[in-house]
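Trainee: Contents of query_14.cif (mmCIF, C-alpha atoms):
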data_model
loop_
_atom_site.group_PDB
_atom_site.id
_atom_site.type_symbol
_atom_site.label_atom_id
_atom_site.label_comp_id
_atom_site.auth_asym_id
_atom_site.auth_seq_id
_atom_site.Cartn_x
_atom_site.Cartn_y
_atom_site.Cartn_z
ATOM 1 C CA MET A 1 -5.689 -0.377 -4.904
ATOM 2 C CA THR A 2 -8.577 0.207 -2.489
ATOM 3 C CA PHE A 3 -11.156 0.193 -5.300
ATOM 4 C CA GLY A 4 -13.246 -2.954 -4.840
ATOM 5 C CA GLU A 5 -12.340 -3.542 -1.193
ATOM 6 C CA GLN A 6 -12.609 -0.303 0.796
ATOM 7 C CA ASN A 7 -14.206 1.658 -2.064
ATOM 8 C CA THR A 8 -17.282 0.903 -4.143
ATOM 9 C CA GLU A 9 -17.439 1.398 -7.902
ATOM 10 C CA SER A 10 -19.325 4.647 -7.325
ATOM 11 C CA ASP A 11 -16.612 5.819 -4.911
ATOM 12 C CA ALA A 12 -13.939 4.957 -7.455
ATOM 13 C CA HIS A 13 -15.654 6.886 -10.237
ATOM 14 C CA SER A 14 -16.143 9.939 -8.019
ATOM 15 C CA GLN A 15 -12.485 9.925 -6.986
ATOM 16 C CA LEU A 16 -11.332 9.573 -10.589
ATOM 17 C CA ASP A 17 -13.625 12.400 -11.715
ATOM 18 C CA TYR A 18 -12.203 14.683 -9.032
ATOM 19 C CA ALA A 19 -8.559 13.740 -9.624
ATOM 20 C CA ILE A 20 -8.709 14.267 -13.384
ATOM 21 C CA ALA A 21 -10.533 17.584 -12.895
ATOM 22 C CA LYS A 22 -7.603 18.670 -10.682
ATOM 23 C CA GLY A 23 -5.025 17.862 -13.348
ATOM 24 C CA ILE A 24 -4.032 14.311 -12.421
ATOM 25 C CA ASN A 25 -3.272 12.335 -15.597
ATOM 26 C CA PHE A 26 -1.660 9.130 -14.285
ATOM 27 C CA ILE A 27 -3.555 6.120 -12.891
ATOM 28 C CA ASP A 28 -1.664 3.139 -11.485
ATOM 29 C CA THR A 29 -3.208 -0.244 -10.718
ATOM 30 C CA ALA A 30 -2.364 -3.962 -10.834
ATOM 31 C CA GLU A 31 -3.962 -7.237 -11.823
ATOM 32 C CA MET A 32 -3.940 -8.485 -8.195
ATOM 33 C CA TYR A 33 -5.742 -5.444 -6.733
ATOM 34 C CA PRO A 34 -7.641 -4.618 -4.580
ATOM 35 C CA ILE A 35 -5.565 -4.936 -1.423
ATOM 36 C CA ALA A 36 -5.716 -6.974 0.749
ATOM 37 C CA ALA A 37 -5.604 -9.482 -2.106
ATOM 38 C CA ARG A 38 -8.117 -12.302 -2.172
ATOM 39 C CA GLU A 39 -9.713 -14.436 -4.852
ATOM 40 C CA ALA A 40 -13.230 -13.057 -4.341
ATOM 41 C CA THR A 41 -12.233 -9.506 -5.308
ATOM 42 C CA LEU A 42 -9.443 -10.226 -7.822
ATOM 43 C CA GLY A 43 -9.438 -7.738 -10.708
ATOM 44 C CA LYS A 44 -12.102 -5.442 -9.288
ATOM 45 C CA THR A 45 -9.805 -2.405 -9.246
ATOM 46 C CA GLU A 46 -8.964 -2.717 -12.930
ATOM 47 C CA ARG A 47 -12.620 -3.308 -13.788
ATOM 48 C CA TYR A 48 -13.779 -0.220 -11.859
ATOM 49 C CA ILE A 49 -11.192 1.871 -13.690
ATOM 50 C CA GLY A 50 -12.299 0.284 -16.954
ATOM 51 C CA THR A 51 -15.958 1.184 -16.514
ATOM 52 C CA TRP A 52 -14.898 4.738 -15.646
ATOM 53 C CA LEU A 53 -12.654 4.979 -18.726
ATOM 54 C CA LYS A 54 -15.513 3.855 -20.947
ATOM 55 C CA LYS A 55 -17.941 6.296 -19.330
ATOM 56 C CA SER A 56 -15.601 9.283 -19.235
ATOM 57 C CA GLY A 57 -14.193 9.064 -22.751
ATOM 58 C CA LYS A 58 -10.863 10.420 -21.435
ATOM 59 C CA ARG A 59 -8.633 7.434 -22.232
ATOM 60 C CA ASP A 60 -6.416 9.325 -24.697
ATOM 61 C CA GLN A 61 -5.713 12.045 -22.122
ATOM 62 C CA LEU A 62 -4.358 9.648 -19.501
ATOM 63 C CA VAL A 63 -1.357 7.482 -18.694
ATOM 64 C CA ILE A 64 -2.643 4.102 -17.502
ATOM 65 C CA ALA A 65 -0.281 1.708 -15.724
ATOM 66 C CA THR A 66 -0.828 -1.793 -14.414
ATOM 67 C CA LYS A 67 1.298 -4.724 -13.252
ATOM 68 C CA ILE A 68 1.791 -8.454 -13.643
ATOM 69 C CA SER A 69 2.135 -10.430 -10.408
ATOM 70 C CA GLY A 70 5.285 -12.375 -9.653
ATOM 71 C CA PRO A 71 5.560 -15.721 -7.814
ATOM 72 C CA ASN A 72 3.795 -15.746 -4.457
ATOM 73 C CA ARG A 73 2.589 -18.586 -2.260
ATOM 74 C CA GLY A 74 -1.133 -18.646 -1.811
ATOM 75 C CA MET A 75 -1.924 -16.580 -4.908
ATOM 76 C CA GLY A 76 -2.244 -19.398 -7.426
ATOM 77 C CA TYR A 77 -5.809 -18.240 -8.031
ATOM 78 C CA ILE A 78 -4.385 -15.400 -10.146
ATOM 79 C CA ARG A 79 -2.608 -17.705 -12.566
ATOM 80 C CA ASN A 80 -0.710 -20.983 -12.326
ATOM 81 C CA PRO A 81 2.203 -20.771 -12.530
ATOM 82 C CA LEU A 82 2.765 -17.172 -11.479
ATOM 83 C CA ASP A 83 5.858 -16.355 -13.501
ATOM 84 C CA PHE A 84 7.161 -14.114 -16.278
ATOM 85 C CA SER A 85 7.027 -16.705 -19.052
ATOM 86 C CA LYS A 86 5.772 -15.654 -22.469
ATOM 87 C CA LYS A 87 2.471 -17.442 -21.881
ATOM 88 C CA SER A 88 1.896 -15.824 -18.483
ATOM 89 C CA ILE A 89 2.784 -12.316 -19.641
ATOM 90 C CA HIS A 90 0.472 -12.559 -22.658
ATOM 91 C CA GLN A 91 -2.381 -13.912 -20.506
ATOM 92 C CA ALA A 92 -1.922 -11.151 -17.942
ATOM 93 C CA VAL A 93 -1.722 -8.359 -20.514
ATOM 94 C CA ASP A 94 -4.810 -9.563 -22.363
ATOM 95 C CA LEU A 95 -6.870 -9.825 -19.177
ATOM 96 C CA SER A 96 -5.790 -6.359 -18.017
ATOM 97 C CA LEU A 97 -6.715 -4.906 -21.417
ATOM 98 C CA LYS A 98 -10.149 -6.518 -21.086
ATOM 99 C CA ASN A 99 -10.647 -5.344 -17.491
ATOM 100 C CA LEU A 100 -9.519 -1.793 -18.277
ATOM 101 C CA GLN A 101 -11.602 -1.688 -21.465
ATOM 102 C CA THR A 102 -8.698 -0.279 -23.462
ATOM 103 C CA ASP A 103 -6.668 -1.286 -26.514
ATOM 104 C CA TYR A 104 -3.299 -0.445 -24.981
ATOM 105 C CA ILE A 105 -1.504 -0.038 -21.658
ATOM 106 C CA ASP A 106 0.822 2.961 -21.383
ATOM 107 C CA LEU A 107 3.102 1.438 -18.743
ATOM 108 C CA TYR A 108 3.305 -2.274 -17.957
ATOM 109 C CA GLN A 109 5.234 -3.239 -14.824
ATOM 110 C CA MET A 110 6.509 -6.373 -13.117
ATOM 111 C CA HIS A 111 4.934 -6.067 -9.669
ATOM 112 C CA TRP A 112 7.857 -7.810 -7.965
ATOM 113 C CA PRO A 113 10.759 -9.957 -9.220
ATOM 114 C CA GLU A 114 10.549 -13.664 -9.947
ATOM 115 C CA ARG A 115 13.618 -14.338 -7.826
ATOM 116 C CA VAL A 116 13.362 -14.441 -4.035
ATOM 117 C CA MET A 117 14.896 -11.246 -2.636
ATOM 118 C CA ASN A 118 14.454 -8.558 0.002
ATOM 119 C CA MET A 119 11.178 -6.724 -0.529
ATOM 120 C CA PHE A 120 7.886 -5.983 1.226
ATOM 121 C CA GLY A 121 9.448 -5.034 4.544
ATOM 122 C CA GLN A 122 12.658 -7.091 4.372
ATOM 123 C CA ARG A 123 15.794 -4.995 4.735
ATOM 124 C CA GLY A 124 18.584 -7.159 3.423
ATOM 125 C CA ILE A 125 19.470 -10.386 1.678
ATOM 126 C CA SER A 126 21.823 -12.987 3.156
ATOM 127 C CA GLU A 127 21.735 -15.609 0.415
ATOM 128 C CA ILE A 128 20.699 -15.688 -3.214
ATOM 129 C CA ASP A 129 17.865 -17.648 -4.790
ATOM 130 C CA THR A 130 19.668 -20.571 -6.438
ATOM 131 C CA GLN A 131 16.436 -21.963 -7.908
ATOM 132 C CA TRP A 132 15.841 -18.937 -10.115
ATOM 133 C CA GLN A 133 17.572 -18.717 -13.502
ATOM 134 C CA ASP A 134 18.516 -15.458 -15.220
ATOM 135 C CA ASN A 135 15.793 -14.656 -17.776
ATOM 136 C CA PHE A 136 16.117 -10.887 -18.221
ATOM 137 C CA PHE A 137 16.715 -11.245 -21.968
ATOM 138 C CA GLU A 138 13.725 -13.558 -22.439
ATOM 139 C CA VAL A 139 11.385 -11.255 -20.508
ATOM 140 C CA LEU A 140 12.485 -8.173 -22.464
ATOM 141 C CA SER A 141 12.022 -10.081 -25.722
ATOM 142 C CA VAL A 142 8.399 -10.827 -24.805
ATOM 143 C CA TYR A 143 7.784 -7.158 -24.013
ATOM 144 C CA ASP A 144 9.422 -6.177 -27.288
ATOM 145 C CA GLY A 145 6.813 -8.234 -29.121
ATOM 146 C CA LEU A 146 3.936 -6.748 -27.125
ATOM 147 C CA ILE A 147 5.161 -3.222 -27.826
ATOM 148 C CA LYS A 148 5.390 -4.009 -31.552
ATOM 149 C CA ASP A 149 1.845 -5.403 -31.369
ATOM 150 C CA GLY A 150 0.668 -2.103 -29.834
ATOM 151 C CA LYS A 151 -0.642 -3.710 -26.632
ATOM 152 C CA ILE A 152 1.790 -1.873 -24.338
ATOM 153 C CA LYS A 153 3.875 1.266 -24.820
ATOM 154 C CA HIS A 154 6.485 1.250 -22.049
ATOM 155 C CA ILE A 155 7.725 -1.131 -19.358
ATOM 156 C CA GLY A 156 8.802 -0.768 -15.757
ATOM 157 C CA VAL A 157 9.752 -2.709 -12.642
ATOM 158 C CA SER A 158 8.522 -2.578 -9.075
ATOM 159 C CA ASN A 159 9.937 -3.630 -5.703
ATOM 160 C CA GLU A 160 13.310 -4.051 -7.409
ATOM 161 C CA ASN A 161 16.872 -3.574 -6.217
ATOM 162 C CA PRO A 162 19.989 -2.215 -7.975
ATOM 163 C CA TYR A 163 20.999 -5.633 -9.320
ATOM 164 C CA GLY A 164 17.703 -6.193 -11.106
ATOM 165 C CA VAL A 165 17.486 -2.663 -12.488
ATOM 166 C CA MET A 166 21.020 -2.769 -13.914
ATOM 167 C CA LYS A 167 20.504 -6.239 -15.408
ATOM 168 C CA PHE A 168 17.405 -5.038 -17.251
ATOM 169 C CA LEU A 169 19.231 -1.921 -18.451
ATOM 170 C CA ASN A 170 22.284 -3.866 -19.611
ATOM 171 C CA GLU A 171 20.271 -6.489 -21.465
ATOM 172 C CA SER A 172 18.137 -3.887 -23.229
ATOM 173 C CA GLU A 173 21.222 -1.971 -24.373
ATOM 174 C CA LYS A 174 23.115 -5.087 -25.435
ATOM 175 C CA HIS A 175 20.266 -6.557 -27.483
ATOM 176 C CA HIS A 176 18.442 -3.366 -28.568
ATOM 177 C CA LEU A 177 15.368 -4.334 -26.555
ATOM 178 C CA PRO A 178 12.882 -2.070 -24.724
ATOM 179 C CA LYS A 179 14.394 -0.123 -21.837
ATOM 180 C CA ILE A 180 12.638 0.010 -18.475
ATOM 181 C CA ALA A 181 11.345 3.546 -18.031
ATOM 182 C CA THR A 182 10.276 3.391 -14.401
ATOM 183 C CA ILE A 183 10.712 1.728 -11.044
ATOM 184 C CA GLN A 184 7.885 1.681 -8.483
ATOM 185 C CA ASN A 185 9.292 1.261 -4.984
ATOM 186 C CA PRO A 186 8.333 2.486 -1.509
ATOM 187 C CA TYR A 187 9.701 5.911 -0.621
ATOM 188 C CA SER A 188 8.692 8.206 2.219
ATOM 189 C CA LEU A 189 9.984 10.079 5.267
ATOM 190 C CA LEU A 190 9.977 6.723 7.068
ATOM 191 C CA ASN A 191 11.694 4.787 4.289
ATOM 192 C CA ARG A 192 14.400 6.538 2.269
ATOM 193 C CA LEU A 193 16.326 3.369 1.443
ATOM 194 C CA PHE A 194 15.827 4.124 -2.259
ATOM 195 C CA GLU A 195 18.438 6.854 -1.871
ATOM 196 C CA VAL A 196 21.099 4.171 -1.309
ATOM 197 C CA GLY A 197 22.084 2.877 -4.746
ATOM 198 C CA LEU A 198 18.850 3.119 -6.694
ATOM 199 C CA SER A 199 18.601 6.916 -6.769
ATOM 200 C CA GLU A 200 21.959 7.221 -8.548
ATOM 201 C CA ILE A 201 20.924 4.616 -11.102
ATOM 202 C CA CYS A 202 17.707 6.537 -11.786
ATOM 203 C CA LEU A 203 19.525 9.836 -12.263
ATOM 204 C CA ARG A 204 22.316 8.433 -14.433
ATOM 205 C CA GLU A 205 20.186 6.040 -16.489
ATOM 206 C CA ASN A 206 17.051 8.199 -16.832
ATOM 207 C CA VAL A 207 14.736 5.821 -14.996
ATOM 208 C CA GLY A 208 11.997 7.535 -12.970
ATOM 209 C CA LEU A 209 10.909 6.509 -9.499
ATOM 210 C CA MET A 210 7.164 6.229 -9.052
ATOM 211 C CA ALA A 211 7.103 6.405 -5.269
ATOM 212 C CA TYR A 212 4.464 4.305 -3.563
ATOM 213 C CA SER A 213 3.410 4.539 0.088
ATOM 214 C CA PRO A 214 4.570 8.187 0.361
ATOM 215 C CA LEU A 215 2.327 8.419 3.441
ATOM 216 C CA ALA A 216 3.506 5.057 4.811
ATOM 217 C CA PHE A 217 0.082 3.379 4.826
ATOM 218 C CA SER A 218 -1.392 6.589 6.305
ATOM 219 C CA PHE A 219 1.100 6.573 9.203
ATOM 220 C CA LEU A 220 2.477 9.900 7.952
ATOM 221 C CA THR A 221 -0.882 11.582 8.356
ATOM 222 C CA GLY A 222 -0.276 11.399 12.111
ATOM 223 C CA LYS A 223 -3.624 9.761 12.781
ATOM 224 C CA HIS A 224 -2.119 6.594 14.279
ATOM 225 C CA LEU A 225 0.111 8.288 16.872
ATOM 226 C CA ASN A 226 -2.328 7.469 19.649
ATOM 227 C CA GLY A 227 -3.106 3.991 18.360
ATOM 228 C CA ILE A 228 -4.062 2.381 15.046
ATOM 229 C CA GLN A 229 -7.432 3.695 13.867
ATOM 230 C CA PRO A 230 -9.755 0.666 13.539
ATOM 231 C CA THR A 231 -11.417 1.768 10.268
ATOM 232 C CA SER A 232 -8.130 2.576 8.521
ATOM 233 C CA ARG A 233 -6.223 0.251 6.191
ATOM 234 C CA LEU A 234 -3.826 -0.628 9.010
ATOM 235 C CA GLY A 235 -6.776 -1.323 11.283
ATOM 236 C CA LEU A 236 -8.632 -3.440 8.746
ATOM 237 C CA PHE A 237 -5.573 -5.345 7.568
ATOM 238 C CA PRO A 238 -3.243 -5.872 10.558
ATOM 239 C CA GLN A 239 -0.965 -8.117 8.484
ATOM 240 C CA PHE A 240 0.664 -4.961 7.082
ATOM 241 C CA THR A 241 3.214 -4.437 9.836
ATOM 242 C CA ARG A 242 5.915 -2.525 7.958
ATOM 243 C CA TYR A 243 5.323 0.648 9.981
ATOM 244 C CA ALA A 244 4.287 -0.951 13.280
ATOM 245 C CA ASN A 245 7.395 -0.280 15.331
ATOM 246 C CA GLU A 246 8.364 2.184 18.023
ATOM 247 C CA ASN A 247 10.927 4.080 15.934
ATOM 248 C CA CYS A 248 8.336 4.774 13.213
ATOM 249 C CA LYS A 249 6.084 6.261 15.890
ATOM 250 C CA LYS A 250 8.881 8.372 17.389
ATOM 251 C CA ALA A 251 10.016 9.654 13.989
ATOM 252 C CA THR A 252 6.437 10.423 12.946
ATOM 253 C CA GLN A 253 5.884 12.442 16.116
ATOM 254 C CA LEU A 254 8.960 14.543 15.369
ATOM 255 C CA TYR A 255 7.946 15.033 11.739
ATOM 256 C CA GLN A 256 4.467 16.126 12.795
ATOM 257 C CA GLU A 257 5.854 18.681 15.259
ATOM 258 C CA LEU A 258 8.187 20.001 12.562
ATOM 259 C CA ALA A 259 5.373 20.328 10.031
ATOM 260 C CA LEU A 260 3.144 22.202 12.466
ATOM 261 C CA THR A 261 5.891 24.711 13.314
ATOM 262 C CA HIS A 262 6.052 25.545 9.590
ATOM 263 C CA GLY A 263 2.290 25.921 9.215
ATOM 264 C CA LEU A 264 1.839 22.633 7.390
ATOM 265 C CA THR A 265 0.024 19.395 8.066
ATOM 266 C CA LEU A 266 2.165 16.283 8.281
ATOM 267 C CA THR A 267 0.440 14.987 5.139
ATOM 268 C CA GLN A 268 1.428 18.111 3.205
ATOM 269 C CA MET A 269 5.041 17.945 4.319
ATOM 270 C CA ALA A 270 5.370 14.202 3.699
ATOM 271 C CA LEU A 271 3.987 14.359 0.150
ATOM 272 C CA ALA A 272 5.840 17.543 -0.748
ATOM 273 C CA PHE A 273 9.120 16.002 0.428
ATOM 274 C CA VAL A 274 8.730 12.998 -1.870
ATOM 275 C CA ASN A 275 7.500 15.073 -4.785
ATOM 276 C CA GLN A 276 10.522 17.407 -4.646
ATOM 277 C CA GLN A 277 13.147 14.676 -5.082
ATOM 278 C CA SER A 278 14.926 14.898 -8.432
ATOM 279 C CA PHE A 279 14.710 11.155 -9.075
ATOM 280 C CA VAL A 280 10.942 11.000 -8.468
ATOM 281 C CA MET A 281 8.810 10.889 -11.614
ATOM 282 C CA SER A 282 5.463 10.457 -9.873
ATOM 283 C CA THR A 283 4.227 10.361 -6.279
ATOM 284 C CA ILE A 284 1.497 7.734 -6.099
ATOM 285 C CA ILE A 285 -1.296 8.668 -3.714
ATOM 286 C CA GLY A 286 -4.122 6.389 -2.632
ATOM 287 C CA ALA A 287 -7.124 7.664 -0.704
ATOM 288 C CA THR A 288 -10.189 5.913 0.608
ATOM 289 C CA THR A 289 -12.247 9.079 1.173
ATOM 290 C CA MET A 290 -12.802 12.160 -0.938
ATOM 291 C CA GLU A 291 -11.521 14.324 1.902
ATOM 292 C CA GLN A 292 -8.223 12.426 1.927
ATOM 293 C CA LEU A 293 -7.940 12.700 -1.848
ATOM 294 C CA GLN A 294 -8.550 16.448 -1.748
ATOM 295 C CA GLU A 295 -5.856 16.966 0.904
ATOM 296 C CA ASN A 296 -3.388 14.732 -0.941
ATOM 297 C CA ILE A 297 -3.781 16.512 -4.277
ATOM 298 C CA ALA A 298 -3.585 19.948 -2.649
ATOM 299 C CA ALA A 299 -0.258 18.958 -1.067
ATOM 300 C CA PHE A 300 1.412 19.016 -4.477
ATOM 301 C CA ASP A 301 1.177 22.806 -4.423
ATOM 302 C CA VAL A 302 3.448 22.904 -1.370
ATOM 303 C CA VAL A 303 7.176 23.578 -1.845
ATOM 304 C CA LEU A 304 9.488 22.887 1.083
ATOM 305 C CA SER A 305 12.286 25.362 1.779
ATOM 306 C CA PRO A 306 15.946 24.263 1.968
ATOM 307 C CA GLU A 307 15.813 25.095 5.677
ATOM 308 C CA LEU A 308 12.865 22.766 6.244
ATOM 309 C CA ILE A 309 14.551 20.005 4.235
ATOM 310 C CA ALA A 310 17.605 20.411 6.477
ATOM 311 C CA GLU A 311 15.411 19.954 9.567
ATOM 312 C CA ILE A 312 13.848 16.846 8.019
ATOM 313 C CA ASN A 313 17.323 15.428 7.429
ATOM 314 C CA LYS A 314 18.207 15.985 11.090
ATOM 315 C CA ILE A 315 15.288 13.753 12.110
ATOM 316 C CA GLN A 316 16.315 11.201 9.484
ATOM 317 C CA ALA A 317 19.783 11.117 11.060
ATOM 318 C CA VAL A 318 18.285 10.270 14.462
ATOM 319 C CA TYR A 319 15.796 7.696 13.115
ATOM 320 C CA PRO A 320 17.251 6.536 9.787
ATOM 321 C CA ASP A 321 14.623 4.688 7.737
ATOM 322 C CA PRO A 322 12.699 3.074 10.619
ATOM 323 C CA ALA A 323 10.441 1.259 8.141
ATOM 324 C CA PRO A 324 12.115 -1.348 5.887
#
Would you mind writing the structure in this file as structure tokens?

Mentor:
Amino acid sequence: MTFGEQNTESDAHSQLDYAIAKGINFIDTAEMYPIAAREATLGKTERYIGTWLKKSGKRDQLVIATKISGPNRGMGYIRNPLDFSKKSIHQAVDLSLKNLQTDYIDLYQMHWPERVMNMFGQRGISEIDTQWQDNFFEVLSVYDGLIKDGKIKHIGVSNENPYGVMKFLNESEKHHLPKIATIQNPYSLLNRLFEVGLSEICLRENVGLMAYSPLAFSFLTGKHLNGIQPTSRLGLFPQFTRYANENCKKATQLYQELALTHGLTLTQMALAFVNQQSFVMSTIIGATTMEQLQENIAAFDVVLSPELIAEINKIQAVYPDPAP
């Protein structure tokens, strides 16, 4: 999601070359990327991936995922209206296929729900969205047609809660429609809220978590402990405040000390922790430099001992999920 904002097309191609050479086979993007989203750069990330796919000739070896945007004030430049109607879904899929220079999308996701709910740093919900009307069946029916047309292979959700996941699962079973295969939600040492409710659904219903922000916007590298680094994503885009609180800093300090006593970097421990969870299908990393990418990929060779996991859980008990 940094391709086209913090990374040039050349940067993007170099990172993709390195990742695939190291065995990575899954690339996740979205129609609204790069982040921070703005009209001038809309679609650049998909287009950079598309030019790389055409150049590399490796499309058949990869799992490519992208997402349709849900309703959001101020983002009418993407599409108007921003919804999950048949027209909008078809428009979004066709544009992503064009940008990615491919005939099919392996995994197509709803970036966030149509209904107003707790997401993007909001912990709970106190009242329901009475303006939204249940359309799970209609949405799945549209995806059923796109799968039959060969434009997409599988579907998933993102930034969802247990209600939405179970509604999609129930409707697909009841009407013999495509089943959601994945959920892409935040999950890290600073945010383990997924373990409450959603993890059981994933394990029982065979839905895989694709964990995003496993390094908490780079907070779990430890580099912001003495202040936000000005050239980092958090420094460049101060509107992302999910991890900007004192408890996140205190927990991160403890996690860093724990990692160092076990001969690991905080980055290694943070990524390895996420990757070891039984409900996690994929740990989504995002790097702006080649050095970061190299360290991130190398972390997947690290296996945390039960003793280290127990120590991590002790810190979690003191600072439970400081980031919403």

Trainee: Please determine, counting all atoms listed in the file, which residue among A:Phe136, A:Phe168, A:Phe26, A:Tyr255 has the shortest atom-to-atom distance to Asp60 in chain A.

Mentor: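 Counting all atoms listed in the file, the residue closest to Asp60 in chain A is A:Phe26.
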
Trainee: So that I can see what lies close to Asn296 in chain A, please list as a list of chain:residue names the residues with an atom at most 10 Å from it, counting only C-alpha atoms and leaving out residues fewer than 2 positions away in the same chain.

Mentor: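 The residues satisfying every condition are A:Leu215, A:Thr267, A:Gln268, A:Ala270, A:Leu271, A:Ala272, A:Ile284, A:Ile285, A:Gly286, A:Ala287, A:Met290, A:Glu291, A:Gln292, A:Leu293, A:Gln294, A:Ala298, A:Ala299, A:Phe300, A:Asp301.
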
Trainee: Just to confirm, what's the straight-line distance from CA of Ser232 in chain A to CA of Thr2 in chain A in Å (one decimal)?

Mentor: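 Value for the CA of Ser232 in chain A-CA of Thr2 in chain A distance: 11.3 Å.
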
Trainee: Tell me which residues the PyMOL selection byres ((chain A and resi 65-77) around 7) grabs here, as a list in words.

Mentor: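 For this structure, the PyMOL selection byres ((chain A and resi 65-77) around 7) captures Ile27, Asp28, Thr29, Ala30, Glu31, Met32, Glu39, Val63, Ile64, Ile78, Arg79, Asn80, Pro81, Leu82, Asp83, Ala92, Ile105, Asp106, Leu107, Tyr108, Gln109, Met110, His111, Trp112, Pro113 and Glu114 of chain A.
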
Trainee: Which of these, A:Met117, A:Leu177, A:Val302, A:Val142, has the shortest distance to Thr130 in chain A once you count all atoms listed in the file?

Mentor: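 Answer, going by the shortest atom-to-atom distance: A:Met117.
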
Trainee: Would you kindly return, as an MDAnalysis selection string, each protein, DNA or RNA residue with an atom no farther than 8 Å from any atom of Asn159 in chain A, considering all atoms listed in the file and excluding same-chain residues fewer than 2 positions away?

Mentor: chainID A and resid 111:113 119:120 157 161 183:186

Trainee: Return as a list in words the set of residues that the PyMOL selection byres ((chain A and resi 313) around 12) yields on the displayed structure.

Mentor: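 Going through the file, the PyMOL selection byres ((chain A and resi 313) around 12) ends up selecting Leu189, Leu190, Arg192, Ala251, Leu254, Tyr255, Leu258, Phe273, Pro306, Glu307, Leu308, Ile309, Ala310, Glu311, Ile312, Lys314, Ile315, Gln316, Ala317, Val318, Tyr319, Pro320 and Asp321 of chain A.
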
Trainee: Kindly compute an axis-aligned box around the listed atoms of range 172-189 of chain A, allowing 4 Å on each side, and express its centre and edge lengths in Å to one decimal as JSON.

Mentor:
{"center_x": 15.5, "center_y": 1.8, "center_z": -11.7, "size_x": 23.2, "size_y": 24.6, "size_z": 41.8}

Trainee: I'd like to know which of A:Ile297, A:Phe217, A:Ala323, A:Arg115 is closest to Gly23 in chain A, using all atoms listed in the file.

Mentor: A:Ile297

Trainee: With N, CA and C atoms as the goal, would you fill in the gaps in range 148-159 of chain A and present it as a PDB file, in the coordinates of the input?

Mentor:
ATOM      1  N   LYS A 148       5.566  -4.018 -30.095  1.00  0.00           N
ATOM      2  CA  LYS A 148       5.390  -4.009 -31.552  1.00  0.00           C
ATOM      3  C   LYS A 148       3.948  -4.313 -31.938  1.00  0.00           C
ATOM      4  N   ASP A 149       3.266  -5.103 -31.120  1.00  0.00           N
ATOM      5  CA  ASP A 149       1.845  -5.403 -31.369  1.00  0.00           C
ATOM      6  C   ASP A 149       0.929  -4.258 -30.960  1.00  0.00           C
ATOM      7  N   GLY A 150       1.466  -3.252 -30.259  1.00  0.00           N
ATOM      8  CA  GLY A 150       0.668  -2.103 -29.834  1.00  0.00           C
ATOM      9  C   GLY A 150      -0.116  -2.324 -28.559  1.00  0.00           C
ATOM     10  N   LYS A 151       0.125  -3.437 -27.849  1.00  0.00           N
ATOM     11  CA  LYS A 151      -0.642  -3.710 -26.632  1.00  0.00           C
ATOM     12  C   LYS A 151      -0.107  -2.935 -25.430  1.00  0.00           C
ATOM     13  N   ILE A 152       1.194  -2.691 -25.386  1.00  0.00           N
ATOM     14  CA  ILE A 152       1.790  -1.873 -24.338  1.00  0.00           C
ATOM     15  C   ILE A 152       2.724  -0.867 -24.986  1.00  0.00           C
ATOM     16  N   LYS A 153       2.995   0.228 -24.272  1.00  0.00           N
ATOM     17  CA  LYS A 153       3.875   1.266 -24.820  1.00  0.00           C
ATOM     18  C   LYS A 153       5.235   1.293 -24.140  1.00  0.00           C
ATOM     19  N   HIS A 154       5.247   1.174 -22.803  1.00  0.00           N
ATOM     20  CA  HIS A 154       6.485   1.250 -22.049  1.00  0.00           C
ATOM     21  C   HIS A 154       6.462   0.183 -20.959  1.00  0.00           C
ATOM     22  N   ILE A 155       7.639  -0.118 -20.410  1.00  0.00           N
ATOM     23  CA  ILE A 155       7.725  -1.131 -19.358  1.00  0.00           C
ATOM     24  C   ILE A 155       8.446  -0.567 -18.133  1.00  0.00           C
ATOM     25  N   GLY A 156       8.161  -1.183 -16.993  1.00  0.00           N
ATOM     26  CA  GLY A 156       8.802  -0.768 -15.757  1.00  0.00           C
ATOM     27  C   GLY A 156       8.897  -1.929 -14.784  1.00  0.00           C
ATOM     28  N   VAL A 157       9.608  -1.707 -13.694  1.00  0.00           N
ATOM     29  CA  VAL A 157       9.752  -2.709 -12.642  1.00  0.00           C
ATOM     30  C   VAL A 157       9.188  -2.138 -11.343  1.00  0.00           C
ATOM     31  N   SER A 158       9.041  -3.010 -10.373  1.00  0.00           N
ATOM     32  CA  SER A 158       8.522  -2.578  -9.075  1.00  0.00           C
ATOM     33  C   SER A 158       9.120  -3.466  -7.991  1.00  0.00           C
ATOM     34  N   ASN A 159       9.346  -2.897  -6.819  1.00  0.00           N
ATOM     35  CA  ASN A 159       9.937  -3.630  -5.703  1.00  0.00           C
ATOM     36  C   ASN A 159      11.256  -4.287  -6.110  1.00  0.00           C
TER      37      ASN A 159
END
